[in-house]
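Asker: I have a structure here, written as structure tokens, and I will follow up with some questions on it.
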Amino acid sequence: MIKISNYIDGKLVGPKKGKYLESFNPAKGQPYAIVPDSDASDVEKAYRAASKAFTSWSATSINDRAQVLTRIADLIETQLDSLAKAESIDNGKPVSLAKKVDIPRSAANFRFFAQAITQFATQAHEMSDGINYTLRQPLGVVGTISPWNLPLYLFTWKIAPALAAGNCVIAKPSEVTPMTAFLLSKICIKAGLPKGVLNIVHGDGLKVGSEMTKHPNIKAISFTGSTRVGKEIAQVAAPMFKKLSLEMGGKNPNLIFADCNYEKMLDTTVRSSFSNQGQICLCGSRILIERSIYGKFKKDFVKRVKALKVGPPERRNTDIGAVVSKTHYEKVLSYIKLAKKEGGKIRAGGKAVFPRGYKRGWYIEPTVIEGLDPYCRTNQEEIFGPVVTLIPFDTEEEALEYANATEYGLSCSVWTENISRANRIAKRIDAGIVWINTWMLRDLRTPFGGVKNSGVGREGGFEALRFFTESKNVCIQY
Ligand code: NAD
């Protein structure tokens, strides 16, 4: 059993009360590590360390801060193979995916914000008899709380801008996937990040996450996770007037029109449905197809989905690994059952898989369902697994109506060669992120986040640096 430690005040330490939780390898369905079951006392210890470090970190020059962050990025890159393997064991995702996406993006997060902070400028407003200039100052000690689906990728997406802007951070990774956050602690020590600037406190959401939210001196919470937990955090943090950034659930639509580039759409739709076992907040789970190509699309899509290989994440030819936990596995299977009860017809998958030698792992076939009402629970609630539904539509208006008919509004993909239609839809769709003829094409400078119950606030680029700083106007009369 690997023993994971907290990272507080520059040191790897156990939880104060000495308690640990088990961490599982989803490919085998077995525990393989223990992770601190930290509580309020560990959060307080981390707060003290962060608070002490703030004076000097916030006064450290931008170039010096950027240099440390760049060293962290370099070290992540040199450890690409081992980090990818660790991420795969912890999460169940194919090693190939972690190597191509998760770990390179984690390094890119640090490198990007190391550069972005050197370009971050403030405004001046001139009057006839005076001038205003605006300072943007770090908030102090801030909290970040992240989920299990892209563990290191999303963990660093928050930490990097917070540190670049001069804050000290208490970061809580998901207790379901703590391993790469632990490995990052060692990288931070090696990179020479001053002690207390970043503190990683592992443990349960109800103990560590909620204690961070309640803490009177943690000035902001940047959260990514479910809408249910986002709501709980908002209820506690809002009356305390904390700054809040909430990136939450989704039920993203793909809108496929008959005039699309069919082959590109088909390839991308297979990826946007099932990458990371469908456990990416940006995956399209409701596939809306213009009726004139519905039959052809269904036939081709189902054929491609049936060819996907479900298996152990370390195997080279695995397309779909294990889902992250037993609880999540049972949740996803329960939604397939619900879909059948609601009248859905399973056109591909629909069952658990038990690969040889991995019989206790949590594998589910990529599943395609049709015949459901767009307003039924299966089409309204977030499943967050390898399950998509097919829904035909006749007109652009009808496609938009279905696309907007959930409480969520994170992202969407629109497939059409008609540029006017693409722009019309982009304007009217309830989503923070609109992809036209693509999916997951990311530029880290762009605003990232959702509308409705998918999000409050934006991450990415200068939006993130604005979130992690407070503006202060200074007015001088000539
Ligand atoms: P979750 O909400 O269960 O947990 C997220 C984090 O919050 C974990 O670290 C957890 O320990 C912590 N937490 C739990 N209860 C808490 C509480 N009461 N107070 C403070 N913290 C608490 O989410 P999850 O199951 O880890 O992740 C899956 C969800 O994340 C999905 O809904 C998915 O859509 C969403 N997600 C959203 C985005 C986005 O950018 N919008 C990205 C990735 C994942």
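Every chain in the structure tokens takes a letter, A first, then B, and so on in the order presented; its residues are numbered from 1, and the ligands are numbered from 1 following the presented order.
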Out of region 48-274 of chain A, which residues get alpha helix (DSSP H) from DSSP, as a PyMOL selection string?
Answerer: chain A and resi 48-59+62-78+80-91+95-97+103-119+151-164+179-191+210-214+227-237+262-274
Asker: Within 6 Å of ligand 1, counting only C-alpha atoms and all ligand atoms, which protein or nucleic acid residues do you find, written as a list in words?
Answerer: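 The residues near ligand 1 are Ile145, Ser146, Pro147, Trp148, Lys172, Pro173, Ser174, Glu175, Asp204, Gly205, Leu206, Gly209, Ser210, Thr224, Gly225, Ser226, Val229, Glu232, Ile233, Glu247, Met248, Gly249, Gly250 and Cys281 of chain A.
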Asker: Selected residues, C-alpha atoms, written as an mmCIF file, in the first residue's frame, please.
Answerer:
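After the write, out34.cif holds the following:
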```
data_model
loop_
_atom_site.group_PDB
_atom_site.id
_atom_site.type_symbol
_atom_site.label_atom_id
_atom_site.label_comp_id
_atom_site.auth_asym_id
_atom_site.auth_seq_id
_atom_site.Cartn_x
_atom_site.Cartn_y
_atom_site.Cartn_z
ATOM 1 C CA ILE A 145 -11.395 22.115 -4.566
ATOM 2 C CA SER A 146 -11.263 19.752 -7.530
ATOM 3 C CA PRO A 147 -12.886 16.546 -8.834
ATOM 4 C CA TRP A 148 -11.676 13.083 -9.885
ATOM 5 C CA LYS A 172 -7.982 19.872 -1.931
ATOM 6 C CA PRO A 173 -7.823 17.150 -4.579
ATOM 7 C CA SER A 174 -10.594 14.601 -4.852
ATOM 8 C CA GLU A 175 -10.243 11.887 -2.218
ATOM 9 C CA ASP A 204 -13.168 13.851 2.408
ATOM 10 C CA GLY A 205 -15.280 16.654 0.958
ATOM 11 C CA LEU A 206 -17.462 16.942 4.018
ATOM 12 C CA GLY A 209 -13.727 20.834 1.571
ATOM 13 C CA SER A 210 -16.457 22.137 3.815
ATOM 14 C CA THR A 224 -14.968 22.212 -9.838
ATOM 15 C CA GLY A 225 -17.361 19.331 -9.253
ATOM 16 C CA SER A 226 -21.021 18.460 -9.128
ATOM 17 C CA VAL A 229 -21.836 20.213 -4.000
ATOM 18 C CA GLU A 232 -23.734 23.479 -0.776
ATOM 19 C CA ILE A 233 -20.554 25.531 -1.089
ATOM 20 C CA GLU A 247 -17.536 24.936 -12.391
ATOM 21 C CA MET A 248 -20.245 22.314 -12.190
ATOM 22 C CA GLY A 249 -22.156 19.597 -14.020
ATOM 23 C CA GLY A 250 -23.325 19.379 -17.607
ATOM 24 C CA CYS A 281 -17.576 17.595 -18.115
#
```
Asker: Name all residues at most 7 Å from region 150-167 of chain A (count only C-alpha atoms; drop same-chain ones fewer than 3 positions away) and give them as JSON, numbers by chain.
Answerer: {"A": [54, 57, 58, 65, 66, 102, 103, 105, 106, 109, 110, 113, 114, 117, 138, 139, 140, 141, 142, 144, 146, 147, 173, 177, 180, 181, 464, 465, 468, 469]}
Asker: Find the residues of region 22-75 of chain A that sit at most 7 Å from region 347-360 of chain A; for each, write down the nearest two atoms and how far apart they are in Å, to one decimal. Count only C-alpha atoms. Sort by chain, then by number going up, and give it as a Markdown table.
Answerer:
```
| residue | atom | partner | partner_atom | distance |
| --- | --- | --- | --- | --- |
| A:Ala27 | CA | A:Tyr358 | CA | 6.6 |
| A:Lys28 | CA | A:Tyr358 | CA | 5.3 |
| A:Gly29 | CA | A:Arg360 | CA | 5.1 |
```
Asker: Export N, CA, C and O atoms of the chosen residues as a PDB file, in the first residue's frame?
Answerer:
```pdb
ATOM      1  N   ALA A  27      -9.264  -0.217 -12.140  1.00  0.00           N
ATOM      2  CA  ALA A  27      -9.077  -1.294 -13.114  1.00  0.00           C
ATOM      3  C   ALA A  27      -9.190  -2.658 -12.449  1.00  0.00           C
ATOM      4  O   ALA A  27      -9.582  -3.641 -13.071  1.00  0.00           O
ATOM      5  N   LYS A  28      -8.830  -2.703 -11.155  1.00  0.00           N
ATOM      6  CA  LYS A  28      -8.851  -3.981 -10.431  1.00  0.00           C
ATOM      7  C   LYS A  28      -9.920  -4.013  -9.339  1.00  0.00           C
ATOM      8  O   LYS A  28     -10.157  -5.055  -8.734  1.00  0.00           O
ATOM      9  N   GLY A  29     -10.497  -2.852  -9.071  1.00  0.00           N
ATOM     10  CA  GLY A  29     -11.506  -2.787  -8.008  1.00  0.00           C
ATOM     11  C   GLY A  29     -10.905  -3.067  -6.642  1.00  0.00           C
ATOM     12  O   GLY A  29     -11.591  -3.601  -5.759  1.00  0.00           O
TER      13      GLY A  29
END
```
Asker: Which residue is closest to Asp90 (chain A)? Choose from A:Val13, A:Ile200, A:Ala220, A:Val176 and count only C-alpha atoms.
Answerer: A:Val176
Asker: Mind listing the strand (DSSP E) residues of region 87-158 of chain A, per DSSP on the backbone, as a PyMOL selection string?
Answerer: chain A and resi 124-126+130-138+141-145
Asker: Those selected residues, please, written with C-alpha atoms and delivered as an mmCIF file, in the first residue's frame.
Answerer:
```cif
data_model
loop_
_atom_site.group_PDB
_atom_site.id
_atom_site.type_symbol
_atom_site.label_atom_id
_atom_site.label_comp_id
_atom_site.auth_asym_id
_atom_site.auth_seq_id
_atom_site.Cartn_x
_atom_site.Cartn_y
_atom_site.Cartn_z
ATOM 1 C CA ALA A 124 -5.894 53.869 -15.995
ATOM 2 C CA HIS A 125 -8.814 56.318 -16.380
ATOM 3 C CA GLU A 126 -7.881 59.903 -17.012
ATOM 4 C CA GLY A 130 -6.982 63.939 -12.248
ATOM 5 C CA ILE A 131 -6.225 60.324 -12.971
ATOM 6 C CA ASN A 132 -7.292 56.937 -11.668
ATOM 7 C CA TYR A 133 -5.190 53.847 -11.826
ATOM 8 C CA THR A 134 -6.289 50.406 -10.773
ATOM 9 C CA LEU A 135 -4.222 47.974 -8.760
ATOM 10 C CA ARG A 136 -4.936 44.262 -8.944
ATOM 11 C CA GLN A 137 -3.781 42.672 -5.727
ATOM 12 C CA PRO A 138 -3.731 39.024 -4.652
ATOM 13 C CA VAL A 141 -5.046 32.655 1.223
ATOM 14 C CA VAL A 142 -7.421 31.005 -1.240
ATOM 15 C CA GLY A 143 -8.939 27.519 -1.474
ATOM 16 C CA THR A 144 -9.234 25.244 -4.495
ATOM 17 C CA ILE A 145 -11.395 22.115 -4.566
#
```
Asker: Between A:Arg304, A:Lys214, A:Lys345, A:Arg71, which has the minimum distance to Gly371 (chain A) (counting only C-alpha atoms)?
Answerer: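 Answer, going by the shortest atom-to-atom distance: A:Lys345.
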Asker: With distances taken over only C-alpha atoms, which of A:Leu410, A:Cys475, A:Val332, A:Ala86 is nearest to Trp435 (chain A)?
Answerer: A:Leu410
Asker: With distances taken over only C-alpha atoms, which of A:Pro312, A:Gly449, A:Gly10, A:Gly295 is nearest to Leu390 (chain A)?
Answerer: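 Going through A:Pro312, A:Gly449, A:Gly10, A:Gly295 one by one, the smallest distance to Leu390 (chain A) is for A:Gly295.
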Asker: List the spatial neighbours of Lys99 (chain A) as a PyMOL selection string - criterion: any atom at most 12 Å away, only C-alpha atoms, same-chain residues fewer than 6 positions off excluded.
Answerer: chain A and resi 76-88+93+105-107+152-153+313-314+316
Asker: List the spatial neighbours of Met1 (chain A) as a list in words - criterion: any atom at most 12 Å away, only C-alpha atoms, same-chain residues fewer than 2 positions off excluded.
Answerer: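 The neighbour list is Lys3, Ile4, Tyr20, Leu21, Glu22, Ser23, Phe24, Asn25, Gln30, Pro31, Tyr32, Ala33, Ile34 and Val35 of chain A.
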Asker: Once you have the residues from the selection above, write them out as a short mmCIF file (atom, residue, chain, number, x, y, z; two decimals), in the first residue's frame, restricted to all heavy atoms.
Answerer:
```cif
data_model
loop_
_atom_site.label_atom_id
_atom_site.label_comp_id
_atom_site.auth_asym_id
_atom_site.auth_seq_id
_atom_site.Cartn_x
_atom_site.Cartn_y
_atom_site.Cartn_z
N LYS A 3 1.51 5.06 0.83
CA LYS A 3 0.95 5.97 1.84
C LYS A 3 1.09 7.41 1.33
O LYS A 3 2.21 7.91 1.15
CB LYS A 3 1.72 5.78 3.15
CG LYS A 3 1.08 6.45 4.34
CD LYS A 3 1.85 6.03 5.59
CE LYS A 3 1.24 6.57 6.85
NZ LYS A 3 1.98 6.13 8.02
N ILE A 4 -0.04 8.04 1.10
CA ILE A 4 -0.05 9.42 0.59
C ILE A 4 0.02 10.39 1.78
O ILE A 4 -0.55 10.12 2.84
CB ILE A 4 -1.34 9.62 -0.25
CG1 ILE A 4 -1.20 8.83 -1.55
CG2 ILE A 4 -1.63 11.09 -0.51
CD1 ILE A 4 -2.44 8.78 -2.40
N TYR A 20 -6.66 7.53 8.03
CA TYR A 20 -6.50 7.40 6.57
C TYR A 20 -7.74 6.76 5.93
O TYR A 20 -8.47 6.02 6.59
CB TYR A 20 -5.27 6.54 6.24
CG TYR A 20 -3.97 7.26 6.52
CD1 TYR A 20 -3.43 7.31 7.82
CD2 TYR A 20 -3.30 7.94 5.51
CE1 TYR A 20 -2.25 8.00 8.08
CE2 TYR A 20 -2.12 8.63 5.77
CZ TYR A 20 -1.61 8.65 7.05
OH TYR A 20 -0.45 9.35 7.31
N LEU A 21 -7.93 7.09 4.65
CA LEU A 21 -8.98 6.44 3.84
C LEU A 21 -8.28 5.54 2.83
O LEU A 21 -7.11 5.75 2.51
CB LEU A 21 -9.76 7.50 3.05
CG LEU A 21 -10.42 8.64 3.81
CD1 LEU A 21 -10.80 9.76 2.83
CD2 LEU A 21 -11.65 8.13 4.54
N GLU A 22 -9.03 4.57 2.29
CA GLU A 22 -8.45 3.72 1.24
C GLU A 22 -8.63 4.38 -0.12
O GLU A 22 -9.64 5.03 -0.38
CB GLU A 22 -9.18 2.38 1.21
CG GLU A 22 -8.71 1.43 2.28
CD GLU A 22 -9.40 0.09 2.19
OE1 GLU A 22 -10.59 0.04 1.80
OE2 GLU A 22 -8.76 -0.91 2.52
N SER A 23 -7.63 4.21 -0.98
CA SER A 23 -7.75 4.70 -2.34
C SER A 23 -7.69 3.49 -3.28
O SER A 23 -6.84 2.62 -3.11
CB SER A 23 -6.60 5.67 -2.61
OG SER A 23 -6.81 6.29 -3.85
N PHE A 24 -8.60 3.45 -4.25
CA PHE A 24 -8.77 2.24 -5.07
C PHE A 24 -8.18 2.37 -6.46
O PHE A 24 -8.15 3.46 -7.04
CB PHE A 24 -10.27 1.93 -5.20
CG PHE A 24 -10.85 1.34 -3.94
CD1 PHE A 24 -11.17 2.16 -2.87
CD2 PHE A 24 -11.05 -0.03 -3.82
CE1 PHE A 24 -11.69 1.63 -1.68
CE2 PHE A 24 -11.57 -0.57 -2.65
CZ PHE A 24 -11.89 0.26 -1.58
N ASN A 25 -7.75 1.23 -6.99
CA ASN A 25 -7.38 1.11 -8.40
C ASN A 25 -8.64 0.61 -9.13
O ASN A 25 -9.02 -0.56 -8.99
CB ASN A 25 -6.23 0.12 -8.52
CG ASN A 25 -5.89 -0.19 -9.97
OD1 ASN A 25 -6.66 0.12 -10.88
ND2 ASN A 25 -4.75 -0.81 -10.18
N GLN A 30 -9.62 -2.75 -6.47
CA GLN A 30 -8.96 -3.07 -5.20
C GLN A 30 -8.24 -1.85 -4.63
O GLN A 30 -7.73 -1.03 -5.42
CB GLN A 30 -7.90 -4.15 -5.43
CG GLN A 30 -8.51 -5.51 -5.60
CD GLN A 30 -7.50 -6.53 -6.08
OE1 GLN A 30 -6.42 -6.19 -6.55
NE2 GLN A 30 -7.87 -7.79 -5.96
N PRO A 31 -8.17 -1.76 -3.29
CA PRO A 31 -7.41 -0.65 -2.71
C PRO A 31 -5.92 -0.83 -2.99
O PRO A 31 -5.43 -1.95 -3.03
CB PRO A 31 -7.71 -0.75 -1.22
CG PRO A 31 -8.18 -2.13 -0.99
CD PRO A 31 -8.75 -2.64 -2.28
N TYR A 32 -5.22 0.29 -3.22
CA TYR A 32 -3.78 0.17 -3.46
C TYR A 32 -3.00 1.27 -2.74
O TYR A 32 -1.77 1.28 -2.75
CB TYR A 32 -3.48 0.21 -4.96
CG TYR A 32 -3.44 1.61 -5.56
CD1 TYR A 32 -2.23 2.19 -5.93
CD2 TYR A 32 -4.59 2.35 -5.71
CE1 TYR A 32 -2.19 3.47 -6.47
CE2 TYR A 32 -4.56 3.63 -6.24
CZ TYR A 32 -3.35 4.18 -6.62
OH TYR A 32 -3.32 5.45 -7.14
N ALA A 33 -3.71 2.21 -2.11
CA ALA A 33 -3.02 3.29 -1.40
C ALA A 33 -3.90 3.75 -0.24
O ALA A 33 -5.10 3.46 -0.22
CB ALA A 33 -2.77 4.45 -2.36
N ILE A 34 -3.27 4.45 0.70
CA ILE A 34 -4.07 5.09 1.73
C ILE A 34 -3.82 6.59 1.67
O ILE A 34 -2.72 7.05 1.38
CB ILE A 34 -3.83 4.52 3.15
CG1 ILE A 34 -2.34 4.54 3.52
CG2 ILE A 34 -4.39 3.12 3.27
CD1 ILE A 34 -2.09 4.21 4.97
N VAL A 35 -4.89 7.34 1.93
CA VAL A 35 -4.84 8.79 1.75
C VAL A 35 -5.30 9.45 3.05
O VAL A 35 -6.23 8.95 3.70
CB VAL A 35 -5.71 9.19 0.53
CG1 VAL A 35 -7.13 8.68 0.63
CG2 VAL A 35 -5.70 10.68 0.30
#
```
Asker: One decimal, in Å: what's the spacing between CA of Ile189 (chain A) and CA of Asp37 (chain A)?
Answerer: 22.4 Å
Asker: Of the candidates A:Glu211, A:Asp443, A:Asp300, A:Asp9, which one gets nearest to Lys45 (chain A) if we count only C-alpha atoms?
Answerer: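 Selected residue with least distance to Lys45 (chain A): A:Asp9.
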Asker: Using only C-alpha atoms, pick whichever of A:Ile2, A:Cys168, A:Ala307, A:Ile419 has the shortest atom-to-atom distance to Ala59 (chain A).
Answerer: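 Closest residue, counting only C-alpha atoms: A:Cys168.
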Asker: Which polymer residues have any atom within 10 Å of an atom of Trp415 (chain A), counting only C-alpha atoms, with same-chain residues fewer than 6 positions away left out, as a count of residues only?
Answerer: 19
Asker: To one decimal in Å, tell me the separation between CA of Gly450 (chain A) and CA of Gly409 (chain A).
Answerer: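 Separating CA of Gly450 (chain A) from CA of Gly409 (chain A) is a distance of 5.5 Å.
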